[in-house]
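Novice: Input run_5.pdb, format and content: PDB, C-alpha atoms and all ligand atoms.
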```
ATOM      1  CA  MET A   1     133.478  93.286 196.653
ATOM      2  CA  THR A   2     133.363  96.299 198.987
ATOM      3  CA  GLU A   3     130.644  98.933 198.732
ATOM      4  CA  ALA A   4     133.227 101.409 197.437
ATOM      5  CA  ASP A   5     134.238  98.957 194.671
ATOM      6  CA  LEU A   6     130.603  98.381 193.734
ATOM      7  CA  ARG A   7     129.869 102.118 193.602
ATOM      8  CA  ALA A   8     132.852 102.563 191.277
ATOM      9  CA  GLU A   9     131.678  99.665 189.121
ATOM     10  CA  ILE A  10     128.156 101.120 188.795
ATOM     11  CA  VAL A  11     129.664 104.407 187.583
ATOM     12  CA  ALA A  12     131.935 102.560 185.136
ATOM     13  CA  ARG A  13     129.033 100.525 183.723
ATOM     14  CA  CYS A  14     126.858 103.632 183.351
ATOM     15  CA  LYS A  15     129.613 105.369 181.398
ATOM     16  CA  GLU A  16     129.977 102.239 179.240
ATOM     17  CA  LEU A  17     126.221 102.306 178.500
ATOM     18  CA  ASP A  18     126.638 105.958 177.466
ATOM     19  CA  ALA A  19     129.749 105.310 175.361
ATOM     20  CA  ARG A  20     128.093 102.449 173.480
ATOM     21  CA  GLY A  21     124.952 104.433 172.733
ATOM     22  CA  LEU A  22     122.469 102.566 174.944
ATOM     23  CA  ASN A  23     121.699 105.457 177.218
ATOM     24  CA  ARG A  24     120.024 108.786 176.523
ATOM     25  CA  GLY A  25     120.741 111.698 178.855
ATOM     26  CA  ALA A  26     119.609 110.894 182.384
ATOM     27  CA  SER A  27     116.948 108.409 181.274
ATOM     28  CA  GLY A  28     118.433 105.029 182.256
ATOM     29  CA  ASN A  29     119.112 103.575 185.687
ATOM     30  CA  VAL A  30     121.251 100.830 187.172
ATOM     31  CA  SER A  31     121.186  98.978 190.498
ATOM     32  CA  ALA A  32     123.337  96.356 192.221
ATOM     33  CA  ARG A  33     122.703  94.261 195.321
ATOM     34  CA  ILE A  34     125.044  94.542 198.284
ATOM     35  CA  GLY A  35     124.145  92.350 201.270
ATOM     36  CA  ASP A  36     120.625  93.245 202.426
ATOM     37  CA  ALA A  37     120.515  96.503 200.437
ATOM     38  CA  MET A  38     120.931  97.760 196.891
ATOM     39  CA  LEU A  39     122.894 100.628 195.425
ATOM     40  CA  LEU A  40     121.187 102.565 192.652
ATOM     41  CA  THR A  41     121.776 105.513 190.395
ATOM     42  CA  PRO A  42     120.392 108.900 191.459
ATOM     43  CA  SER A  43     117.553 110.813 189.833
ATOM     44  CA  ALA A  44     118.219 113.308 187.021
ATOM     45  CA  ILE A  45     122.028 113.033 186.858
ATOM     46  CA  PRO A  46     123.466 112.350 183.391
ATOM     47  CA  TYR A  47     125.935 109.443 183.496
ATOM     48  CA  ALA A  48     128.701 111.741 182.235
ATOM     49  CA  ALA A  49     128.472 113.651 185.544
ATOM     50  CA  LEU A  50     127.967 110.599 187.782
ATOM     51  CA  GLU A  51     130.377 109.963 190.675
ATOM     52  CA  PRO A  52     130.502 107.035 193.155
ATOM     53  CA  ALA A  53     129.430 109.227 196.122
ATOM     54  CA  MET A  54     126.199 110.181 194.276
ATOM     55  CA  ILE A  55     124.938 106.569 194.210
ATOM     56  CA  ALA A  56     121.979 106.048 196.581
ATOM     57  CA  ARG A  57     121.525 103.116 198.939
ATOM     58  CA  MET A  58     118.151 101.463 199.627
ATOM     59  CA  PRO A  59     117.438  98.601 202.077
ATOM     60  CA  LEU A  60     115.723  95.552 200.537
ATOM     61  CA  ASP A  61     113.698  94.879 203.691
ATOM     62  CA  GLY A  62     112.320  97.227 206.296
ATOM     63  CA  GLU A  63     110.633 100.446 205.281
ATOM     64  CA  TYR A  64     109.676 100.174 201.602
ATOM     65  CA  GLY A  65     111.448 102.802 199.536
ATOM     66  CA  ALA A  66     113.589 104.262 202.349
ATOM     67  CA  TRP A  67     116.916 105.498 201.034
ATOM     68  CA  GLU A  68     120.206 107.078 202.022
ATOM     69  CA  GLY A  69     122.392 109.324 199.943
ATOM     70  CA  PRO A  70     123.238 112.855 199.082
ATOM     71  CA  LEU A  71     120.818 112.638 196.123
ATOM     72  CA  LYS A  72     117.460 110.915 195.866
ATOM     73  CA  PRO A  73     117.466 107.644 193.925
ATOM     74  CA  THR A  74     116.061 107.273 190.421
ATOM     75  CA  THR A  75     112.300 107.814 190.203
ATOM     76  CA  GLU A  76     112.194 104.262 188.779
ATOM     77  CA  TRP A  77     113.475 102.665 192.025
ATOM     78  CA  ARG A  78     110.316 100.587 192.527
ATOM     79  CA  PHE A  79     110.959  97.974 189.878
ATOM     80  CA  HIS A  80     114.610  97.636 190.916
ATOM     81  CA  LEU A  81     113.501  97.018 194.514
ATOM     82  CA  ASP A  82     110.612  94.713 193.609
ATOM     83  CA  LEU A  83     112.788  92.621 191.256
ATOM     84  CA  MET A  84     115.504  92.181 193.891
ATOM     85  CA  ARG A  85     112.921  91.284 196.540
ATOM     86  CA  ALA A  86     111.108  88.823 194.256
ATOM     87  CA  ARG A  87     114.170  87.072 192.836
ATOM     88  CA  PRO A  88     117.043  86.550 195.299
ATOM     89  CA  GLU A  89     119.372  85.395 192.487
ATOM     90  CA  ILE A  90     119.254  88.859 190.867
ATOM     91  CA  GLY A  91     122.371  90.852 191.733
ATOM     92  CA  ALA A  92     121.937  93.724 189.276
ATOM     93  CA  VAL A  93     119.307  95.446 187.126
ATOM     94  CA  VAL A  94     120.027  97.604 184.057
ATOM     95  CA  HIS A  95     117.293  99.757 182.515
ATOM     96  CA  THR A  96     117.738 101.889 179.389
ATOM     97  CA  HIS A  97     115.723 103.692 176.729
ATOM     98  CA  ALA A  98     118.012 102.241 174.030
ATOM     99  CA  GLU A  99     116.833 103.154 170.555
ATOM    100  CA  PHE A 100     115.851  99.893 168.863
ATOM    101  CA  SER A 101     114.479  98.282 172.021
ATOM    102  CA  THR A 102     112.337 101.377 172.533
ATOM    103  CA  ILE A 103     111.113 101.342 168.916
ATOM    104  CA  LEU A 104     109.968  97.718 169.313
ATOM    105  CA  SER A 105     108.383  98.560 172.686
ATOM    106  CA  ILE A 106     106.345 101.296 170.991
ATOM    107  CA  ALA A 107     105.210  98.774 168.383
ATOM    108  CA  ARG A 108     104.575  96.336 171.303
ATOM    109  CA  LYS A 109     106.531  93.675 169.448
ATOM    110  CA  PRO A 110     108.176  90.991 171.597
ATOM    111  CA  ILE A 111     111.450  89.743 170.052
ATOM    112  CA  PRO A 112     111.039  86.154 168.816
ATOM    113  CA  ALA A 113     113.808  83.558 168.372
ATOM    114  CA  ILE A 114     115.469  85.356 165.449
ATOM    115  CA  HIS A 115     118.989  84.570 166.702
ATOM    116  CA  TYR A 116     120.487  81.948 168.997
ATOM    117  CA  MET A 117     121.585  84.641 171.498
ATOM    118  CA  ILE A 118     117.971  84.732 172.666
ATOM    119  CA  ALA A 119     118.912  81.614 174.686
ATOM    120  CA  ALA A 120     120.903  83.868 177.048
ATOM    121  CA  PHE A 121     117.598  85.387 178.172
ATOM    122  CA  GLY A 122     116.164  82.062 179.350
ATOM    123  CA  GLY A 123     113.234  81.675 176.949
ATOM    124  CA  MET A 124     112.005  81.606 173.344
ATOM    125  CA  GLU A 125     110.939  85.238 173.172
ATOM    126  CA  ILE A 126     111.866  88.498 174.866
ATOM    127  CA  PRO A 127     108.491  89.731 176.149
ATOM    128  CA  CYS A 128     107.127  93.263 176.173
ATOM    129  CA  CYS A 129     105.352  94.248 179.391
ATOM    130  CA  ASP A 130     102.146  96.284 179.457
ATOM    131  CA  TYR A 131     102.359 100.072 179.613
ATOM    132  CA  ALA A 132     102.136 101.905 182.940
ATOM    133  CA  CYS A 133     103.525 105.311 183.923
ATOM    134  CA  TYR A 134     107.209 105.375 184.946
ATOM    135  CA  GLY A 135     107.903 105.071 188.647
ATOM    136  CA  THR A 136     104.541 103.472 189.515
ATOM    137  CA  ALA A 137     103.679 100.266 191.347
ATOM    138  CA  GLU A 138     101.615  99.343 188.237
ATOM    139  CA  LEU A 139     104.726  99.466 186.032
ATOM    140  CA  SER A 140     106.668  97.371 188.515
ATOM    141  CA  ALA A 141     103.893  94.743 188.593
ATOM    142  CA  ALA A 142     103.706  94.711 184.777
ATOM    143  CA  ILE A 143     107.478  94.134 184.539
ATOM    144  CA  LEU A 144     107.518  91.314 187.100
ATOM    145  CA  SER A 145     104.580  89.650 185.375
ATOM    146  CA  ALA A 146     106.064  89.857 181.845
ATOM    147  CA  LEU A 147     109.610  88.961 182.914
ATOM    148  CA  GLY A 148     108.713  85.834 184.928
ATOM    149  CA  ASP A 149     112.022  84.035 185.450
ATOM    150  CA  MET A 150     113.637  85.459 182.303
ATOM    151  CA  ASN A 151     116.527  87.906 182.189
ATOM    152  CA  GLY A 152     115.260  90.693 179.961
ATOM    153  CA  CYS A 153     112.120  92.366 178.656
ATOM    154  CA  LEU A 154     110.894  95.328 176.665
ATOM    155  CA  MET A 155     108.736  97.896 178.487
ATOM    156  CA  ALA A 156     105.839  99.198 176.376
ATOM    157  CA  ASN A 157     106.350 102.750 175.049
ATOM    158  CA  HIS A 158     109.326 103.149 177.366
ATOM    159  CA  GLY A 159     112.470 100.999 176.878
ATOM    160  CA  MET A 160     113.956  97.784 178.191
ATOM    161  CA  LEU A 161     115.552  96.165 181.199
ATOM    162  CA  THR A 162     117.859  93.263 181.945
ATOM    163  CA  VAL A 163     118.736  91.421 185.155
ATOM    164  CA  GLY A 164     121.773  89.313 186.053
ATOM    165  CA  ALA A 165     123.687  87.726 188.892
ATOM    166  CA  ASP A 166     126.011  90.725 188.795
ATOM    167  CA  LEU A 167     126.576  93.992 186.949
ATOM    168  CA  THR A 168     128.866  92.408 184.362
ATOM    169  CA  ARG A 169     126.133  89.977 183.397
ATOM    170  CA  ALA A 170     123.208  92.451 183.435
ATOM    171  CA  THR A 171     125.168  95.006 181.380
ATOM    172  CA  TRP A 172     126.260  92.357 178.866
ATOM    173  CA  LEU A 173     122.624  91.284 178.492
ATOM    174  CA  ALA A 174     121.587  94.916 177.900
ATOM    175  CA  PHE A 175     124.011  95.150 174.960
ATOM    176  CA  GLU A 176     122.785  91.776 173.645
ATOM    177  CA  LEU A 177     119.115  92.782 173.981
ATOM    178  CA  GLU A 178     119.672  96.004 172.061
ATOM    179  CA  ALA A 179     121.582  94.048 169.375
ATOM    180  CA  LEU A 180     118.644  91.623 169.022
ATOM    181  CA  ALA A 181     116.224  94.561 168.829
ATOM    182  CA  HIS A 182     118.410  96.143 166.134
ATOM    183  CA  HIS A 183     118.469  92.898 164.115
ATOM    184  CA  TYR A 184     114.728  92.364 164.505
ATOM    185  CA  TRP A 185     113.881  95.921 163.456
ATOM    186  CA  HIS A 186     115.885  95.408 160.264
ATOM    187  CA  VAL A 187     114.405  91.960 159.617
ATOM    188  CA  LEU A 188     110.919  93.474 159.859
ATOM    189  CA  GLN A 189     111.904  95.923 157.072
ATOM    190  CA  ILE A 190     112.468  93.007 154.674
ATOM    191  CA  GLY A 191     109.266  91.188 155.506
ATOM    192  CA  GLY A 192     110.332  89.025 158.446
ATOM    193  CA  GLY A 193     112.690  86.077 158.862
ATOM    194  CA  GLN A 194     112.975  82.423 159.714
ATOM    195  CA  LEU A 195     112.710  81.694 163.447
ATOM    196  CA  LEU A 196     114.721  79.114 165.367
ATOM    197  CA  SER A 197     112.888  76.162 166.926
ATOM    198  CA  GLU A 198     112.584  75.317 170.623
ATOM    199  CA  ALA A 199     114.960  72.380 170.090
ATOM    200  CA  GLU A 200     117.541  74.646 168.453
ATOM    201  CA  ILE A 201     117.360  77.165 171.303
ATOM    202  CA  ALA A 202     117.514  74.367 173.901
ATOM    203  CA  THR A 203     120.745  73.070 172.327
ATOM    204  CA  VAL A 204     122.294  76.553 172.521
ATOM    205  CA  ALA A 205     121.150  77.020 176.130
ATOM    206  CA  LYS A 206     122.857  73.747 177.047
ATOM    207  CA  GLY A 207     126.048  74.866 175.305
ATOM    208  CA  PHE A 208     126.011  78.243 177.061
ATOM    209  CA  ALA A 209     125.615  76.521 180.444
ATOM    210  CA  SER A 210     128.652  74.327 179.770
ATOM    211  CA  TYR A 211     130.989  77.260 179.151
ATOM    212  CA  GLY A 212     129.556  79.661 181.666
ATOM    213  CA  VAL A 213     127.256  81.829 179.515
ATOM    214  CA  GLN A 214     124.241  80.481 181.327
ATOM    215  CA  SER A 215     120.750  80.859 179.967
ATOM    216  CA  ARG A 216     119.719  81.945 183.455
ATOM    217  CA  ASN A 217     121.609  83.553 186.248
TER     218      ASN A 217
HETATM  219 ZN    ZN A 301     112.859 104.568 182.041
END
```
Can I see the file as structure tokens?

Specialist:
Amino acid sequence: MTEADLRAEIVARCKELDARGLNRGASGNVSARIGDAMLLTPSAIPYAALEPAMIARMPLDGEYGAWEGPLKPTTEWRFHLDLMRARPEIGAVVHTHAEFSTILSIARKPIPAIHYMIAAFGGMEIPCCDYACYGTAELSAAILSALGDMNGCLMANHGMLTVGADLTRATWLAFELEALAHHYWHVLQIGGGQLLSEAEIATVAKGFASYGVQSRN
């Protein structure tokens, strides 16, 4: 994929996040790896107004946080950069303040194995990282620590993020995470539900791997 194609895809995915109600104003951000750099959404531009030329570019090595672009990158660039540096298999990161994920993050409630789709995240529970102010090294460290080698987490009093081998995968996981958060929020209203066992989730993870919906990237 050329850089121009990837810029266009980032814009398309951002508009899809908007259209499907996962994004609020200019609050989310998206990144995608290209060679030894990443492309990421700019600061303070609503997705409705986003154009491919506005996407910033940041090297993964070299000077930490250096960037190129007509607009400065999202103020939340640190965790995108740190995730891509820490996990070479990550090709894209999607972060949103989606409603039900954010509600659960405020309650600091990790999402347990309420549905077999949790297997797509590579574990038994979608964790919630500790709170730290947006844009800080502390928040980035809290995310990396909570996420481990999984593909999605809640961010305390903030929102959620997902990672994937590419933008298609990371965006799909963002929709799935918000769906799980929506289900869990409702289940909590009726007093809780029955959770799936580790063996049941392991069976699903094996099935996903065999038809390409891998439990990990
Ligand atoms: Zn945010």

Novice: Could you give me, as a list in words, every polymer residue with an atom at most 7 Å away from an atom of ligand ZN 301 (chain A), counting only C-alpha atoms and all ligand atoms?

Specialist: Ser27, Gly28, Glu76, His95, Thr96, His97, Tyr134, His158 and Gly159 of chain A

Novice: Within 9 Å of Ala174 in chain A, counting only C-alpha atoms, which residues show up once you throw out same-chain ones fewer than 3 positions away? Write them as a PyMOL selection string, please.

Specialist: chain A and resi 17+22+94-96+152+160-163+169-171+177-179

Novice: Suppose a student applies the PyMOL selection byres (((chain A and resi 43) around 9) and not hetatm) to this structure; what residues should they get, written as a VMD selection string?

Specialist: chain A and resid 26 to 27 29 41 to 42 44 to 46 71 to 76

Novice: Listing only residues of range 71-137 of chain A within 7 Å of range 199-208 of chain A, what is the closest atom pair and its distance in Å (to one decimal) for each, using all atoms listed in the file, sorted by chain and residue number ascending, as JSON lines?

Specialist:
```
{"residue": "A:Tyr116", "atom": "CA", "partner": "A:Ile201", "partner_atom": "CA", "distance": 6.2}
{"residue": "A:Ala119", "atom": "CA", "partner": "A:Ala205", "partner_atom": "CA", "distance": 5.3}
{"residue": "A:Ala120", "atom": "CA", "partner": "A:Ala205", "partner_atom": "CA", "distance": 6.9}
```

Novice: For the file shown, what are the residues hit by the PyMOL selection byres (((chain A and resi 59-61) around 10) and not hetatm), laid out as a list in words?

Specialist: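 On this input, the PyMOL selection byres (((chain A and resi 59-61) around 10) and not hetatm) captures Arg33, Ile34, Gly35, Asp36, Ala37, Met38, Leu39, Arg57, Met58, Gly62, Glu63, Tyr64, Gly65, Ala66, Trp67, Glu68, His80, Leu81, Asp82, Met84 and Arg85 of chain A.
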
Novice: In Å, with one decimal, what is the gap from CA of Asn157 in chain A to CA of Leu196 in chain A?

Specialist: 26.9 Å

Novice: How many Å separate CA of Met1 in chain A from CA of Ala56 in chain A?

Specialist: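 Distance reported for this atom pair: 17.2 Å.
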
Novice: From the list A:Tyr47, A:Phe175, A:Trp185, A:Phe79, which residue is nearest Ser145 in chain A when using only C-alpha atoms?

Specialist: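 Smallest distance to Ser145 in chain A is found for A:Phe79.
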
Novice: What is the CA of Ser105 in chain A-CA of Leu167 in chain A distance in Å, reported with one decimal?

Specialist: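 Atom-to-atom, CA of Ser105 in chain A to CA of Leu167 in chain A, that is 23.6 Å.
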
Novice: From (130.4, 107.9, 184.7), in the file's coordinates, out to 7 Å: which residues are reached, counting all atoms listed in the file? Answer as a count of residues only.

Specialist: 9

Novice: Might you spell out which residues the PyMOL selection byres (((chain A and resi 144) around 10) and not hetatm) would select in the displayed file, as a list of chain:residue names?

Specialist: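 Those residues are A:Phe79, A:Asp82, A:Leu83, A:Ala86, A:Arg87, A:Cys129, A:Leu139, A:Ser140, A:Ala141, A:Ala142, A:Ile143, A:Ser145, A:Ala146, A:Leu147, A:Gly148, A:Asp149, A:Met150, A:Cys153.
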
Novice: Counting only C-alpha atoms, what is within 8 Å of Leu104 in chain A, bar same-chain residues fewer than 5 positions away, as a PyMOL selection string?

Specialist: chain A and resi 109-110+154+181+185

Novice: Quick one: what's the axis-aligned box for range 172-186 of chain A, all listed atoms, 3 Å on every side, centre and edges in Å to one decimal, as lines of an AutoDock Vina configuration file?

Specialist:
```
center_x = 120.1
center_y = 93.7
center_z = 169.6
size_x = 18.4
size_y = 10.9
size_z = 24.6
```
